[in-house]
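**Q** Encoded as structure tokens, here's the structure I'll be asking about.
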Amino acid sequence: MELTGAEIVARFLADEDVEYLFGYPGGAVLHIYDALYQQDKVKHILTRHEQAATHAADGYARSTGRPGVVLVTSGPGATNAVTGIATAYMDSIPMVVITGQVPSPMIGNDAFQEVDTVGITRPCSKHNFLVRDIAELAETLKKAFYIATTGRPGPVVVDIPKDITAMKCNYVYPKQISMRSYNPVSKGHTGQMKRAATMMLKAKRPILYTGGGVVLDNASKSLIALAKQLNIPVTNTSMGLGGYPATDRQCLGMLGMHGTYEANMAISHCDVMIAVGARFDDRVTGNIEKFAPKAKIIHIDIDPASISKNVSVDIPIVGGVNQVLTALLKLFKADEREQDGEAIGKWWEQIEKWRSKDCLKYKQTKTGAIKPQFVLDTLYKVTKGNAFVTSDVGQHQMWAAQFYKFDKPRRWINSGGLGTMGFGLPAAMGVQLAHPKAQVACIAGDGGVQMNIQELSTCLQYQLPIKLICLNNGYLGMVRQWQEFFYEGRYSQVHVEAQPDFVKLAESYGHVGIQVTNSADVESALIEAFKQKDRFVFLNFITDPEENVYPMVPAGAGLEEMLLL
């Protein structure tokens with residue numbers, strides 16, 4: 001079957017069972033948009049900015065496990081997408097980004113809307129391609145999806161010159177792909193797993209430190225089974241929340257800079273740490289010299305480059321998290337050795353003492369001023385813990401991670417590694433499209449929400465009933481907190497003085513706007529918002545401007561050196 005390059009792109013996406021394509025048209029991709037117009041299987045979502053297209057695809061991918069797909073034009077279209085590509089790259093999110101390019105003969109001539117997309121995206125994508133031959137187009141697209149979704153997932157960029165989309169060649173959908181230079185390992189080394197099993201059985205103060213790899217590899221059930229089998233406490237990174245049920249007794253909550261007291265103390269005093277699908281990020285470890293000083297470390301990860309990159313480990317296991325955990329469970333069930341039950345019991349006694357500190361307590365005010373923590377507490381109550389929650393980046397993100405108890409994976413959607421403000425709203429669009437009947441809440445601040453506020457238009461066009469919860473403190477809150485703690489209260493450029501009327505702004509886009517100024521009205525406002533199942537609701541909560549996130553580990557300090565309220 002002979003097709004143009006543009007028709008090959010459209011037909012391939014349909015054959016690949018792509019549900020949604022997020023994008024924004026432009027000159028270099030007009031042939032592709034014309035081909036999309038003439039088919040009805042792949043649904044195109046027109047965002048109002050290319051960054052938002054990548055974040056929406058990202059939210060779709062995080063909530064479904066399927067790759068998000070993006071189509072943007074050359075030049076500024078591609079450069080606008082870079083922030084979203086980097087966001088997905090840092091958090092290992094599967095994504096395929098198709099970018100238009102100027103015609104092949106003009107590459108390198110500084111043509112209109114030309115940039116070196118391959119060069120620009122090389123440091124922040126898992127891989128990228130420039131298509132030079134139409135005969136290689138379908139195979140290249142297949143390689144892109146294969147690379148994006150296997151091994152450690154990530155975004156892959158396919159740059160297609162405009163002339164390639166106009167040429168014709170025979171199209172056959174490539175069902176299988178083989179790449180000599182790319183063969184990710186999924187099965188863990190048996191000998192290493194046996195060593196790990198022995199170390200875990202001998203441990204007196206073990207802990208499971210789990211990250212986004214558990215969620216990405218759908219390993220939640222295996223993790224729960226392993227934790228129950230050995231009665232081991234579990235702590236999650238922000239990316240790993242929901243991989244182990246937050247309401248379970250063995251869950252210590254999030255660790256790290258804004259982690260719980262019990263999680264950080266347990267990490268600091270454990271004798272065996274089992275790191276599962278986590279990469280020892282600096283926001284988790286604090287001062288590496290003071291991180292888990294007495295622990296032997298087992299590290300399970302699909303990416304060999306992540307092992308011993310930041311922290312030296314004793315037993316590395318390269319492989320898919322779910323496969324390795326399943327194999328370990330079989331080893332334990334076949335092993336006749338027993339744990340030191342008395343030591344494990346004492347370990348839990350110590351953990352319960354740390355837990356009794358109630359490190360997430362906050363003071364309600366007598367004036368009725370809204371505490372942001374109370375909004376998240378109430379959101380959890382109103383949604384019964386069943387919502388998909390996206391967030392922007394800042395104080396509100398940390399409060400959401402602390403106070404919304406995620407019992408299921410793929411429900412907490414946030415930018416972890418890159419910390420991208422403007423992520424929350426477009427990510428919520430991708431989540432809502434993927435789960436049209438689900439409750440989707442976007443937690444934002446008054447600063448970050450304005451970075452992609454134009455997507456209120458997209459939400460109207462596609463009738464997305466997202467509930468946007470803006471914790472409005474009039475500041476860039478996390479920056480203000482750091483300036484209070486470490487810069488003697490010199491609040492430089494963090495007071496957002498000229499705010500729009502968010503209620504009127506939401507209404508101008510055709511949505512519902514609600515402003516809440518008193519804590520007594522928080523619950524009723526949230527109930528009312530979620531009753532409106534078919535409407536986008538912007539809830540503007542005027543919160544205490546001086547509230548800080550606790551616990552907090554200052555930069556350069558160890559996890560035991562937490563600042564508490």
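Residue numbering restarts at 1 for every chain of the structure tokens, chains are lettered A, B, ... in their displayed order, and ligands are numbered from 1 as they appear.
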Do you know which residues are at most 7 Å from segment 493-495 of chain A counting only C-alpha atoms, after dropping those on the same chain fewer than 5 positions away, and could you put them as a PyMOL selection string?
**A** chain A and resi 474-476+479-480
**Q** Find the residues of segment 203-263 of chain A that sit at most 9 Å from segment 313-333 of chain A; for each, write down the nearest two atoms and how far apart they are in Å, to one decimal. Count only C-alpha atoms. Sort by chain, then by number going up, and give it as JSON lines.
**A**
```
{"residue": "A:Gly213", "atom": "CA", "partner": "A:Val321", "partner_atom": "CA", "distance": 6.7}
{"residue": "A:Val214", "atom": "CA", "partner": "A:Val321", "partner_atom": "CA", "distance": 6.3}
{"residue": "A:Leu216", "atom": "CA", "partner": "A:Val321", "partner_atom": "CA", "distance": 9.0}
{"residue": "A:Asp217", "atom": "CA", "partner": "A:Asn322", "partner_atom": "CA", "distance": 6.1}
{"residue": "A:Asn218", "atom": "CA", "partner": "A:Asn322", "partner_atom": "CA", "distance": 6.8}
{"residue": "A:Ala219", "atom": "CA", "partner": "A:Asn322", "partner_atom": "CA", "distance": 4.5}
{"residue": "A:Ser220", "atom": "CA", "partner": "A:Asn322", "partner_atom": "CA", "distance": 8.0}
{"residue": "A:Lys221", "atom": "CA", "partner": "A:Asn322", "partner_atom": "CA", "distance": 8.7}
{"residue": "A:Ser222", "atom": "CA", "partner": "A:Leu325", "partner_atom": "CA", "distance": 5.9}
{"residue": "A:Leu223", "atom": "CA", "partner": "A:Leu325", "partner_atom": "CA", "distance": 6.7}
{"residue": "A:Ala225", "atom": "CA", "partner": "A:Leu329", "partner_atom": "CA", "distance": 7.7}
{"residue": "A:Leu226", "atom": "CA", "partner": "A:Leu329", "partner_atom": "CA", "distance": 6.2}
{"residue": "A:Gln229", "atom": "CA", "partner": "A:Leu329", "partner_atom": "CA", "distance": 8.0}
{"residue": "A:Leu230", "atom": "CA", "partner": "A:Phe332", "partner_atom": "CA", "distance": 8.9}
```
**Q** Please measure the separation of atom CA of Thr47 of chain A and atom CA of Val69 of chain A, giving the value in Å to one decimal.
**A**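 Computing the Euclidean distance for atom CA of Thr47 of chain A and atom CA of Val69 of chain A yields 12.9 Å.
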**Q** Taking 2 positions as the minimum chain separation for residues in the same chain, which residues sit within 8 Å of Gln402 of chain A when counting only C-alpha atoms? Answer as a PyMOL selection string.
**A** chain A and resi 253-254+259+360+398-400+404-405
**Q** Quick one: of A:Pro105, A:Leu460, A:Glu560, A:Tyr173, who's nearest to His269 of chain A, counting only C-alpha atoms?
**A**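 When distances to His269 of chain A are compared using only C-alpha atoms, the smallest one comes from A:Glu560.
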**Q** Please identify the strand (DSSP E or B) residues within segment 79-264 of chain A (assignment by DSSP from backbone atoms) and present them as an MDAnalysis selection string.
**A** chainID A and resid 95:101 127:130 155:161 168:170 206:210 234:236 251:254
**Q** Taking a cut-off of 9 Å and counting only C-alpha atoms, can you build a table that, for each residue of segment 127-151 of chain A near segment 156-172 of chain A, reports the nearest atom pair and how far apart they are in Å (one decimal), sorted by chain then residue number, as JSON lines?
**A**
```
{"residue": "A:His127", "atom": "CA", "partner": "A:Val156", "partner_atom": "CA", "distance": 5.0}
{"residue": "A:Asn128", "atom": "CA", "partner": "A:Val157", "partner_atom": "CA", "distance": 4.5}
{"residue": "A:Phe129", "atom": "CA", "partner": "A:Val158", "partner_atom": "CA", "distance": 4.8}
{"residue": "A:Leu130", "atom": "CA", "partner": "A:Asp159", "partner_atom": "CA", "distance": 4.7}
{"residue": "A:Val131", "atom": "CA", "partner": "A:Ile160", "partner_atom": "CA", "distance": 5.4}
{"residue": "A:Arg132", "atom": "CA", "partner": "A:Ile164", "partner_atom": "CA", "distance": 7.5}
{"residue": "A:Asp133", "atom": "CA", "partner": "A:Ile164", "partner_atom": "CA", "distance": 7.1}
{"residue": "A:Ile134", "atom": "CA", "partner": "A:Ile164", "partner_atom": "CA", "distance": 5.6}
{"residue": "A:Ala135", "atom": "CA", "partner": "A:Cys169", "partner_atom": "CA", "distance": 6.3}
{"residue": "A:Leu137", "atom": "CA", "partner": "A:Ile160", "partner_atom": "CA", "distance": 8.5}
{"residue": "A:Ala138", "atom": "CA", "partner": "A:Tyr171", "partner_atom": "CA", "distance": 7.4}
{"residue": "A:Thr140", "atom": "CA", "partner": "A:Val158", "partner_atom": "CA", "distance": 7.8}
{"residue": "A:Leu141", "atom": "CA", "partner": "A:Val158", "partner_atom": "CA", "distance": 7.2}
{"residue": "A:Ala144", "atom": "CA", "partner": "A:Val156", "partner_atom": "CA", "distance": 5.8}
{"residue": "A:Phe145", "atom": "CA", "partner": "A:Val156", "partner_atom": "CA", "distance": 7.7}
{"residue": "A:Ile147", "atom": "CA", "partner": "A:Val156", "partner_atom": "CA", "distance": 7.3}
{"residue": "A:Ala148", "atom": "CA", "partner": "A:Val156", "partner_atom": "CA", "distance": 5.8}
```
**Q** Okay, now the selection with all heavy atoms, as a compact mmCIF listing (two decimals), in the first residue's frame?
**A**
```txt
# COMPACT_ATOMS: atom_id res chain seq x y z
N HIS A 127 16.01 9.00 23.73
CA HIS A 127 16.64 8.84 22.41
C HIS A 127 15.92 9.78 21.46
O HIS A 127 14.81 10.24 21.72
CB HIS A 127 16.52 7.40 21.91
CG HIS A 127 17.45 7.08 20.77
ND1 HIS A 127 18.81 7.08 20.87
CD2 HIS A 127 17.17 6.77 19.47
CE1 HIS A 127 19.36 6.78 19.71
NE2 HIS A 127 18.39 6.58 18.84
N ASN A 128 16.56 10.10 20.33
CA ASN A 128 15.86 10.87 19.30
C ASN A 128 16.33 10.45 17.92
O ASN A 128 17.40 9.86 17.75
CB ASN A 128 16.00 12.38 19.52
CG ASN A 128 17.44 12.85 19.59
OD1 ASN A 128 18.36 12.21 19.08
ND2 ASN A 128 17.65 13.99 20.23
N PHE A 129 15.48 10.73 16.95
CA PHE A 129 15.73 10.35 15.55
C PHE A 129 15.46 11.55 14.64
O PHE A 129 14.54 12.32 14.88
CB PHE A 129 14.77 9.23 15.10
CG PHE A 129 14.90 7.93 15.83
CD1 PHE A 129 14.11 7.67 16.95
CD2 PHE A 129 15.78 6.94 15.40
CE1 PHE A 129 14.19 6.45 17.61
CE2 PHE A 129 15.87 5.73 16.06
CZ PHE A 129 15.07 5.48 17.17
N LEU A 130 16.25 11.67 13.58
CA LEU A 130 15.93 12.55 12.46
C LEU A 130 15.70 11.65 11.25
O LEU A 130 16.60 10.91 10.83
CB LEU A 130 17.08 13.54 12.19
CG LEU A 130 16.95 14.38 10.91
CD1 LEU A 130 15.70 15.26 10.97
CD2 LEU A 130 18.20 15.23 10.71
N VAL A 131 14.50 11.67 10.72
CA VAL A 131 14.15 10.79 9.60
C VAL A 131 14.69 11.38 8.30
O VAL A 131 14.31 12.48 7.90
CB VAL A 131 12.62 10.59 9.51
CG1 VAL A 131 12.29 9.65 8.35
CG2 VAL A 131 12.08 10.02 10.82
N ARG A 132 15.57 10.66 7.66
CA ARG A 132 16.18 11.14 6.40
C ARG A 132 15.62 10.43 5.17
O ARG A 132 15.78 10.90 4.05
CB ARG A 132 17.69 10.90 6.46
CG ARG A 132 18.43 11.77 7.47
CD ARG A 132 18.56 13.19 6.96
NE ARG A 132 19.54 13.97 7.70
CZ ARG A 132 19.91 15.20 7.38
NH1 ARG A 132 19.39 15.78 6.30
NH2 ARG A 132 20.78 15.87 8.10
N ASP A 133 14.98 9.28 5.38
CA ASP A 133 14.51 8.45 4.25
C ASP A 133 13.09 8.00 4.56
O ASP A 133 12.84 7.39 5.59
CB ASP A 133 15.44 7.25 4.09
CG ASP A 133 15.09 6.38 2.90
OD1 ASP A 133 14.00 6.54 2.33
OD2 ASP A 133 15.92 5.52 2.54
N ILE A 134 12.15 8.30 3.67
CA ILE A 134 10.77 7.92 3.92
C ILE A 134 10.61 6.41 4.08
O ILE A 134 9.73 5.94 4.81
CB ILE A 134 9.84 8.43 2.80
CG1 ILE A 134 8.37 8.19 3.20
CG2 ILE A 134 10.19 7.83 1.46
CD1 ILE A 134 7.36 8.78 2.27
N ALA A 135 11.48 5.65 3.45
CA ALA A 135 11.39 4.18 3.56
C ALA A 135 11.65 3.71 4.99
O ALA A 135 11.29 2.59 5.36
CB ALA A 135 12.38 3.52 2.60
N LEU A 137 10.60 5.53 7.70
CA LEU A 137 9.71 6.26 8.61
C LEU A 137 8.93 5.35 9.54
O LEU A 137 8.93 5.53 10.77
CB LEU A 137 8.75 7.14 7.79
CG LEU A 137 7.72 7.93 8.58
CD1 LEU A 137 8.37 8.83 9.62
CD2 LEU A 137 6.84 8.76 7.63
N ALA A 138 8.25 4.35 9.01
CA ALA A 138 7.42 3.46 9.84
C ALA A 138 8.28 2.69 10.85
O ALA A 138 7.92 2.57 12.03
CB ALA A 138 6.64 2.48 8.96
N THR A 140 11.16 3.61 12.04
CA THR A 140 11.65 4.56 13.04
C THR A 140 10.59 4.85 14.10
O THR A 140 10.88 4.91 15.30
CB THR A 140 12.09 5.87 12.37
OG1 THR A 140 13.13 5.59 11.42
CG2 THR A 140 12.60 6.87 13.39
N LEU A 141 9.36 5.02 13.66
CA LEU A 141 8.27 5.25 14.62
C LEU A 141 8.10 4.04 15.55
O LEU A 141 7.89 4.20 16.75
CB LEU A 141 6.96 5.54 13.88
CG LEU A 141 6.88 6.91 13.20
CD1 LEU A 141 5.69 6.97 12.25
CD2 LEU A 141 6.78 8.02 14.24
N ALA A 144 10.76 4.09 18.07
CA ALA A 144 10.50 5.12 19.07
C ALA A 144 9.57 4.60 20.16
O ALA A 144 9.82 4.81 21.36
CB ALA A 144 9.90 6.35 18.40
N PHE A 145 8.50 3.94 19.78
CA PHE A 145 7.56 3.40 20.78
C PHE A 145 8.21 2.30 21.60
O PHE A 145 7.99 2.19 22.81
CB PHE A 145 6.30 2.89 20.09
CG PHE A 145 5.29 3.98 19.82
CD1 PHE A 145 5.39 4.77 18.69
CD2 PHE A 145 4.25 4.21 20.70
CE1 PHE A 145 4.48 5.78 18.43
CE2 PHE A 145 3.32 5.22 20.46
CZ PHE A 145 3.44 6.01 19.32
N ILE A 147 11.48 1.89 22.28
CA ILE A 147 12.46 2.46 23.21
C ILE A 147 11.77 3.20 24.35
O ILE A 147 12.18 3.10 25.51
CB ILE A 147 13.41 3.41 22.45
CG1 ILE A 147 14.27 2.62 21.46
CG2 ILE A 147 14.31 4.18 23.42
CD1 ILE A 147 15.07 3.50 20.50
N ALA A 148 10.70 3.93 24.03
CA ALA A 148 10.01 4.72 25.05
C ALA A 148 9.39 3.86 26.14
O ALA A 148 9.31 4.29 27.30
CB ALA A 148 8.92 5.58 24.39
```
**Q** Excluding segment 295-303 of chain A and any residue of its chain fewer than 5 positions from it, enumerate the residues within 10 Å of it, using only C-alpha atoms, and give them as a PyMOL selection string.
**A** chain A and resi 150-153+184-188+192-193+195-197+199-200+203+205-211+213-214+217+267-280+308+311-322+324-325
**Q** For a quick check of understanding, using only C-alpha atoms, which of A:Ile45, A:Asp407, A:Lys294, A:Thr420 has the smallest distance to Leu464 of chain A?
**A**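 Checking each candidate against Leu464 of chain A, we get A:Ile45 as the closest.
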**Q** Looking only at helix (DSSP H, G or I) from DSSP on the backbone, list the matching residues of segment 3-234 of chain A as an NGL selection string.
**A** :A and (5-15 or 27-37 or 50-64 or 76-90 or 104-106 or 117-124 or 134-149 or 162-166 or 190-202 or 212-216 or 220-230)
**Q** Counting only C-alpha atoms, what is within 12 Å of Gly447 of chain A, bar same-chain residues fewer than 6 positions away, as a PyMOL selection string?
**A** chain A and resi 392-396+420-424+453+470-480+493-500+502
**Q** Write a file of the selected residues as a PDB file, in the first residue's frame, keeping C-alpha atoms.
**A**
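Below you can see again14.pdb, which holds the result:
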```pdb
ATOM      1  CA  ASP A 392       1.879  21.776  40.236  1.00  0.00           C
ATOM      2  CA  VAL A 393       5.194  22.328  42.025  1.00  0.00           C
ATOM      3  CA  GLY A 394       5.751  23.988  45.365  1.00  0.00           C
ATOM      4  CA  GLN A 395       4.356  23.920  48.882  1.00  0.00           C
ATOM      5  CA  HIS A 396       0.958  22.700  47.717  1.00  0.00           C
ATOM      6  CA  THR A 420       8.052  21.862  36.579  1.00  0.00           C
ATOM      7  CA  MET A 421       5.666  24.658  37.494  1.00  0.00           C
ATOM      8  CA  GLY A 422       2.719  24.716  35.108  1.00  0.00           C
ATOM      9  CA  PHE A 423       2.543  20.905  35.039  1.00  0.00           C
ATOM     10  CA  GLY A 424      -0.624  20.320  37.066  1.00  0.00           C
ATOM     11  CA  ILE A 453      -3.649  29.017  32.510  1.00  0.00           C
ATOM     12  CA  CYS A 470      -5.835  26.623  43.974  1.00  0.00           C
ATOM     13  CA  LEU A 471      -4.154  27.136  47.346  1.00  0.00           C
ATOM     14  CA  ASN A 472      -3.766  30.867  46.998  1.00  0.00           C
ATOM     15  CA  ASN A 473      -1.353  32.412  49.504  1.00  0.00           C
ATOM     16  CA  GLY A 474      -0.280  35.367  47.380  1.00  0.00           C
ATOM     17  CA  TYR A 475       3.300  34.109  47.258  1.00  0.00           C
ATOM     18  CA  LEU A 476       5.572  31.762  45.383  1.00  0.00           C
ATOM     19  CA  GLY A 477       5.244  29.757  48.553  1.00  0.00           C
ATOM     20  CA  MET A 478       8.172  27.365  48.577  1.00  0.00           C
ATOM     21  CA  VAL A 479      10.614  30.068  47.533  1.00  0.00           C
ATOM     22  CA  ARG A 480       9.189  32.326  50.266  1.00  0.00           C
ATOM     23  CA  GLN A 493      10.392  38.711  44.093  1.00  0.00           C
ATOM     24  CA  VAL A 494       8.052  36.151  45.665  1.00  0.00           C
ATOM     25  CA  HIS A 495       5.020  38.271  46.518  1.00  0.00           C
ATOM     26  CA  VAL A 496       2.474  37.906  43.722  1.00  0.00           C
ATOM     27  CA  GLU A 497       0.787  41.290  44.113  1.00  0.00           C
ATOM     28  CA  ALA A 498      -1.106  41.678  40.826  1.00  0.00           C
ATOM     29  CA  GLN A 499      -3.367  38.636  40.735  1.00  0.00           C
ATOM     30  CA  PRO A 500      -6.318  38.159  38.438  1.00  0.00           C
ATOM     31  CA  PHE A 502      -9.563  33.758  39.423  1.00  0.00           C
TER      32      PHE A 502
END
```
**Q** Which residues are near Pro94 of chain A? Cut-off 7 Å, only C-alpha atoms, ignore same chain within fewer than 4 positions. Put them as a ChimeraX atom specification.
**A** /A:61,67-68,148-149,153-155
**Q** For the selection you just gave me, I'd like the residues written to a file as an mmCIF file, in the first residue's frame, keeping C-alpha atoms.
**A**
```
data_model
loop_
_atom_site.group_PDB
_atom_site.id
_atom_site.type_symbol
_atom_site.label_atom_id
_atom_site.label_comp_id
_atom_site.auth_asym_id
_atom_site.auth_seq_id
_atom_site.Cartn_x
_atom_site.Cartn_y
_atom_site.Cartn_z
ATOM 1 C CA ALA A 61 0.951 8.113 30.374
ATOM 2 C CA PRO A 67 2.853 6.014 26.118
ATOM 3 C CA GLY A 68 1.716 9.586 25.682
ATOM 4 C CA ALA A 148 10.009 4.724 25.051
ATOM 5 C CA THR A 149 8.165 1.846 26.726
ATOM 6 C CA PRO A 153 10.905 4.295 30.126
ATOM 7 C CA GLY A 154 11.353 7.792 28.772
ATOM 8 C CA PRO A 155 10.511 10.270 26.019
#
```
**Q** Near Lys361 of chain A, within 10 Å and counting only C-alpha atoms, which residues show up once chain neighbours fewer than 6 positions away are dropped, as a VMD selection string?
**A** chain A and resid 373 550 to 551 564 to 565
**Q** From the list A:Arg180, A:His49, A:Arg122, A:Arg249, which residue is nearest Ile351 of chain A when using only C-alpha atoms?
**A**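 Looking only at the distances to Ile351 of chain A, the closest residue turns out to be A:Arg249.
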